[in-house]
Amino acid sequence: MRRRFAIFVLGLLLLAGCVISPRRPIPGSGGGGGGGGSTGGQLYVSTANSILHFANAETATGNLAPTGTISGSSTGLSSPKRLLVDTSANRLYVANQGGSSILVFDNVSTLAGNIAPTRVISGNATTLSAPVDIALDTTNDLLYVADGNSILVFASASTVNGNTAPAHSINMGIAVAGLLSDGANNQLYLTDSGDNAVDRLDSANAQNVVGIVGGAIAGADTKLSSPSGLALDGSNRLYVSNATAPVSITVYPNASIATGDSLTTFTISGGNTNLQSPQQIVLNRNVGTGELYVADPVAASILIFTNVATSNGNVSPARTISGANTGLAANAVNGIALDNTR
């Protein structure tokens with residue numbers, strides 16, 4: 001039995017009297033935003049045991065070969081799952097599920113071949129078992145890792161290495177499917193696919209032991225169906241990928257305070273979308289009113305939807321990266337990360 005409602009009440013008591021700060025933009029966190037104009041973009045995709053790199057991501061489409069591939073025994077890659085890029089540092093973080101580790105590749109836009117990661121976070125002290133997703137809070141230099149029922153929090157994310165214990169370990173009591181950090185507002189979002197819910201942790205950098213949910217989007221009106229990936233735009237809209245029928249991308253307003261049976265602002269769903277089981281998503285704010293990249297392992301594709309802040313219904317993707325030349329295979333498109341500054 002979930003502890004959501006009990007924890008929610010406790011969260012209200014603990015957070016009583018706190019003033020909600022004005023909405024601020026999220027610092028560069030891998031597809032969340034970025035200063036300056038379009039520069040072509042770099043897209044990274046994790047597959048069964050490799051990382052594929054596609055340059056000119058903001059125009060890439062069709063059955064194109066990757067610009068480079070990171071693979072081989074020296075990489076340490078073993079069933080890598082979700083990815084996150086720190087655009088300011090040109091650094092890629094990998095939730096390396098098969099290796100019970102987090103791999104970090106610096107200068108990632110220049111890398112290809114059988115190269116070793118810059119850092120490897122692993123060992124008994126880390127308590128890492130089967131990490132599936134990661135979130136970076138650049139404001140507080142924290143790395144959040146979804147691992148089973150826990151969220152492990154590592155301090156000094158920009159330098160942490162080796163067999164280092166997490167600063168905090170947050171037990172959520174549910175299997176955490178996806179993560180998203182809004183460091184500027186000190187909030188952490190997570191998807192609970194088993195209960196068709198998206199939970200929000202307020203005062204995230206102080207959370208420890210038992211997770212205190214500040215808000216939970218859940219209920220029939222939300223249209224959540226095995227929620228998986230998360231993205232947040234500059235207008236405080238939360239985007240969620242829903243992996244099971246009716247598969248969709250759902251969008252919610254006022255994410256920083258939303259809770260309960262929230263109505264969607266927009267829903268992208270239907271046969272024209274080509275969505276089959278959408279997983280990790282990243283948002284590019286450089287293009288129009290938002291460009292959303294969707295990793296869909298069942299479709300063996302990266303689907304790209306433009307103007308997602310205003311899209312609704314059975315809309316077709318503007319671009320699709322798929323085909324034999326891409327290296328994308330069915331059920332092996334595990335994660336994506338977008339650097340829209342390079």
# chains A, B, ... in the order shown; residues from 1 in each chain; ligands from 1

call {"tool": "closest_atom_pairs", "arguments": {"of": "stretch 145-262 of chain A", "to": "stretch 126-134 of chain A", "cutoff": "6 Å", "atoms": "only C-alpha atoms", "output": "Markdown table"}}
result
| residue | atom | partner | partner_atom | distance |
| --- | --- | --- | --- | --- |
| A:Val145 | CA | A:Ile134 | CA | 4.5 |
| A:Ala146 | CA | A:Asp133 | CA | 5.2 |
| A:Asp147 | CA | A:Pro131 | CA | 4.3 |
| A:Asn163 | CA | A:Thr126 | CA | 5.9 |
| A:Thr164 | CA | A:Thr126 | CA | 5.3 |
| A:Ala165 | CA | A:Thr126 | CA | 4.4 |
| A:Pro166 | CA | A:Thr126 | CA | 5.9 |
| A:Gly178 | CA | A:Asp133 | CA | 5.8 |

call {"tool": "residues_around", "arguments": {"residues": "A:Ala175", "least_positions_apart": "6", "cutoff": "10 Å", "atoms": "only C-alpha atoms", "output": "PDB file with C-alpha atoms, in the first residue's frame"}}
result
ATOM      1  CA  ALA A 146      17.021   6.338  -9.408  1.00  0.00           C
ATOM      2  CA  ASP A 147      17.874   2.832  -8.237  1.00  0.00           C
ATOM      3  CA  GLY A 148      14.975   0.506  -7.394  1.00  0.00           C
ATOM      4  CA  ASN A 149      12.862   2.010  -4.609  1.00  0.00           C
ATOM      5  CA  SER A 150      15.548   4.538  -3.699  1.00  0.00           C
ATOM      6  CA  ILE A 151      16.918   7.826  -4.943  1.00  0.00           C
ATOM      7  CA  LEU A 190       9.829  11.309 -10.301  1.00  0.00           C
ATOM      8  CA  THR A 191       7.576   8.935 -12.197  1.00  0.00           C
ATOM      9  CA  ASP A 192       5.786   6.079 -10.467  1.00  0.00           C
ATOM     10  CA  SER A 193       4.685   3.834 -13.333  1.00  0.00           C
ATOM     11  CA  GLY A 194       3.090   1.251 -11.049  1.00  0.00           C
ATOM     12  CA  ASP A 195       0.634   3.760  -9.555  1.00  0.00           C
TER      13      ASP A 195
END

call {"tool": "closest_residue", "arguments": {"among": "A:Thr320, A:Ser181, A:Asn284, A:Asn140", "to": "A:Thr39", "atoms": "only C-alpha atoms"}}
result
A:Asn284

call {"tool": "closest_residue", "arguments": {"among": "A:Ser169, A:Gln42, A:Ser235, A:Asn107", "to": "A:Ala206", "atoms": "only C-alpha atoms"}}
result
A:Ser169

call {"tool": "closest_residue", "arguments": {"among": "A:Asn286, A:Ala309, A:Asn196, A:Ala220", "to": "A:Val251", "atoms": "only C-alpha atoms"}}
result
A:Ala309

call {"tool": "residues_around", "arguments": {"residues": "stretch 333-341 of chain A", "least_positions_apart": "3", "cutoff": "9 Å", "atoms": "only C-alpha atoms", "output": "ChimeraX atom specification"}}
result
/A:29-48,57-58,79-88,90,92,94,109,133,279-286,293-302,328-330

call {"tool": "atom_distance", "arguments": {"atom1": "atom CA of A:Ala116", "atom2": "atom CA of A:Leu152"}}
result
24.0 Å

call {"tool": "residues_around", "arguments": {"residues": "stretch 263-277 of chain A", "least_positions_apart": "4", "cutoff": "7 Å", "atoms": "only C-alpha atoms", "output": "ChimeraX atom specification"}}
result
/A:221-222,243-244,247-253,296-299,311-317

call {"tool": "closest_residue", "arguments": {"among": "A:Pro117, A:Pro278, A:Gly98, A:Gly62", "to": "A:Ala318", "atoms": "only C-alpha atoms"}}
result
A:Gly62

call {"tool": "select_by_dssp", "arguments": {"residues": "stretch 116-154 of chain A", "states": "strand (DSSP E or B)", "output": "PyMOL selection string"}}
result
chain A and resi 119-121+133-137+142-147+150-154

call {"tool": "write_last_selection", "arguments": {"atoms": "N, CA and C atoms", "output": "PDB file, in the first residue's frame"}}
result
ATOM      1  N   ARG A 119      35.296   9.303 -15.297  1.00  0.00           N
ATOM      2  CA  ARG A 119      35.047   8.884 -13.916  1.00  0.00           C
ATOM      3  C   ARG A 119      34.064   7.722 -13.903  1.00  0.00           C
ATOM      4  N   VAL A 120      34.179   6.892 -12.865  1.00  0.00           N
ATOM      5  CA  VAL A 120      33.255   5.782 -12.651  1.00  0.00           C
ATOM      6  C   VAL A 120      32.839   5.806 -11.186  1.00  0.00           C
ATOM      7  N   ILE A 121      31.554   5.979 -10.935  1.00  0.00           N
ATOM      8  CA  ILE A 121      31.026   5.936  -9.571  1.00  0.00           C
ATOM      9  C   ILE A 121      30.508   4.519  -9.347  1.00  0.00           C
ATOM     10  N   ASP A 133      17.980   5.821 -13.968  1.00  0.00           N
ATOM     11  CA  ASP A 133      17.876   7.202 -14.427  1.00  0.00           C
ATOM     12  C   ASP A 133      18.679   8.096 -13.500  1.00  0.00           C
ATOM     13  N   ILE A 134      18.995   9.294 -13.996  1.00  0.00           N
ATOM     14  CA  ILE A 134      19.824  10.245 -13.277  1.00  0.00           C
ATOM     15  C   ILE A 134      19.277  11.648 -13.495  1.00  0.00           C
ATOM     16  N   ALA A 135      19.495  12.512 -12.525  1.00  0.00           N
ATOM     17  CA  ALA A 135      19.113  13.917 -12.633  1.00  0.00           C
ATOM     18  C   ALA A 135      20.210  14.752 -12.005  1.00  0.00           C
ATOM     19  N   LEU A 136      20.471  15.900 -12.597  1.00  0.00           N
ATOM     20  CA  LEU A 136      21.566  16.750 -12.150  1.00  0.00           C
ATOM     21  C   LEU A 136      21.023  18.088 -11.671  1.00  0.00           C
ATOM     22  N   ASP A 137      21.394  18.459 -10.452  1.00  0.00           N
ATOM     23  CA  ASP A 137      21.084  19.764  -9.888  1.00  0.00           C
ATOM     24  C   ASP A 137      22.375  20.576  -9.919  1.00  0.00           C
ATOM     25  N   LEU A 142      24.496  18.530  -7.151  1.00  0.00           N
ATOM     26  CA  LEU A 142      24.039  17.230  -6.678  1.00  0.00           C
ATOM     27  C   LEU A 142      23.670  16.331  -7.851  1.00  0.00           C
ATOM     28  N   LEU A 143      23.957  15.053  -7.705  1.00  0.00           N
ATOM     29  CA  LEU A 143      23.571  14.043  -8.683  1.00  0.00           C
ATOM     30  C   LEU A 143      22.568  13.101  -8.032  1.00  0.00           C
ATOM     31  N   TYR A 144      21.361  13.030  -8.599  1.00  0.00           N
ATOM     32  CA  TYR A 144      20.315  12.132  -8.110  1.00  0.00           C
ATOM     33  C   TYR A 144      20.285  10.894  -9.006  1.00  0.00           C
ATOM     34  N   VAL A 145      20.182   9.713  -8.392  1.00  0.00           N
ATOM     35  CA  VAL A 145      20.170   8.456  -9.138  1.00  0.00           C
ATOM     36  C   VAL A 145      18.971   7.627  -8.711  1.00  0.00           C
ATOM     37  N   ALA A 146      18.140   7.240  -9.679  1.00  0.00           N
ATOM     38  CA  ALA A 146      17.021   6.338  -9.408  1.00  0.00           C
ATOM     39  C   ALA A 146      17.526   4.906  -9.457  1.00  0.00           C
ATOM     40  N   ASP A 147      17.374   4.199  -8.344  1.00  0.00           N
ATOM     41  CA  ASP A 147      17.874   2.832  -8.237  1.00  0.00           C
ATOM     42  C   ASP A 147      16.872   2.026  -7.417  1.00  0.00           C
ATOM     43  N   SER A 150      14.792   3.451  -4.321  1.00  0.00           N
ATOM     44  CA  SER A 150      15.548   4.538  -3.699  1.00  0.00           C
ATOM     45  C   SER A 150      16.012   5.569  -4.715  1.00  0.00           C
ATOM     46  N   ILE A 151      16.219   6.784  -4.202  1.00  0.00           N
ATOM     47  CA  ILE A 151      16.918   7.826  -4.943  1.00  0.00           C
ATOM     48  C   ILE A 151      18.189   8.130  -4.162  1.00  0.00           C
ATOM     49  N   LEU A 152      19.334   7.836  -4.767  1.00  0.00           N
ATOM     50  CA  LEU A 152      20.626   8.079  -4.132  1.00  0.00           C
ATOM     51  C   LEU A 152      21.110   9.463  -4.539  1.00  0.00           C
ATOM     52  N   VAL A 153      21.607  10.223  -3.566  1.00  0.00           N
ATOM     53  CA  VAL A 153      22.005  11.606  -3.814  1.00  0.00           C
ATOM     54  C   VAL A 153      23.501  11.731  -3.545  1.00  0.00           C
ATOM     55  N   PHE A 154      24.259  12.052  -4.595  1.00  0.00           N
ATOM     56  CA  PHE A 154      25.702  12.198  -4.476  1.00  0.00           C
ATOM     57  C   PHE A 154      26.075  13.676  -4.510  1.00  0.00           C
TER      58      PHE A 154
END

call {"tool": "closest_residue", "arguments": {"among": "A:Gly68, A:Gly173, A:Gly162, A:Gly229", "to": "A:Ile212", "atoms": "only C-alpha atoms"}}
result
A:Gly173

call {"tool": "closest_residue", "arguments": {"among": "A:Ala55, A:Val213, A:Val108, A:Ile257", "to": "A:Arg237", "atoms": "only C-alpha atoms"}}
result
A:Ile257

call {"tool": "atom_distance", "arguments": {"atom1": "atom CA of A:Pro227", "atom2": "atom CA of A:His168"}}
result
25.1 Å

call {"tool": "residues_around", "arguments": {"residues": "A:Ala204", "least_positions_apart": "3", "cutoff": "7 Å", "atoms": "only C-alpha atoms", "output": "PyMOL selection string"}}
result
chain A and resi 186-188+201+207

call {"tool": "atom_distance", "arguments": {"atom1": "atom CA of A:Asn205", "atom2": "atom CA of A:Gly183"}}
result
8.8 Å

call {"tool": "residues_around", "arguments": {"residues": "A:Ala112", "least_positions_apart": "6", "cutoff": "12 Å", "atoms": "only C-alpha atoms", "output": "PyMOL selection string"}}
result
chain A and resi 44+50-54+66-72+74-75+105-106
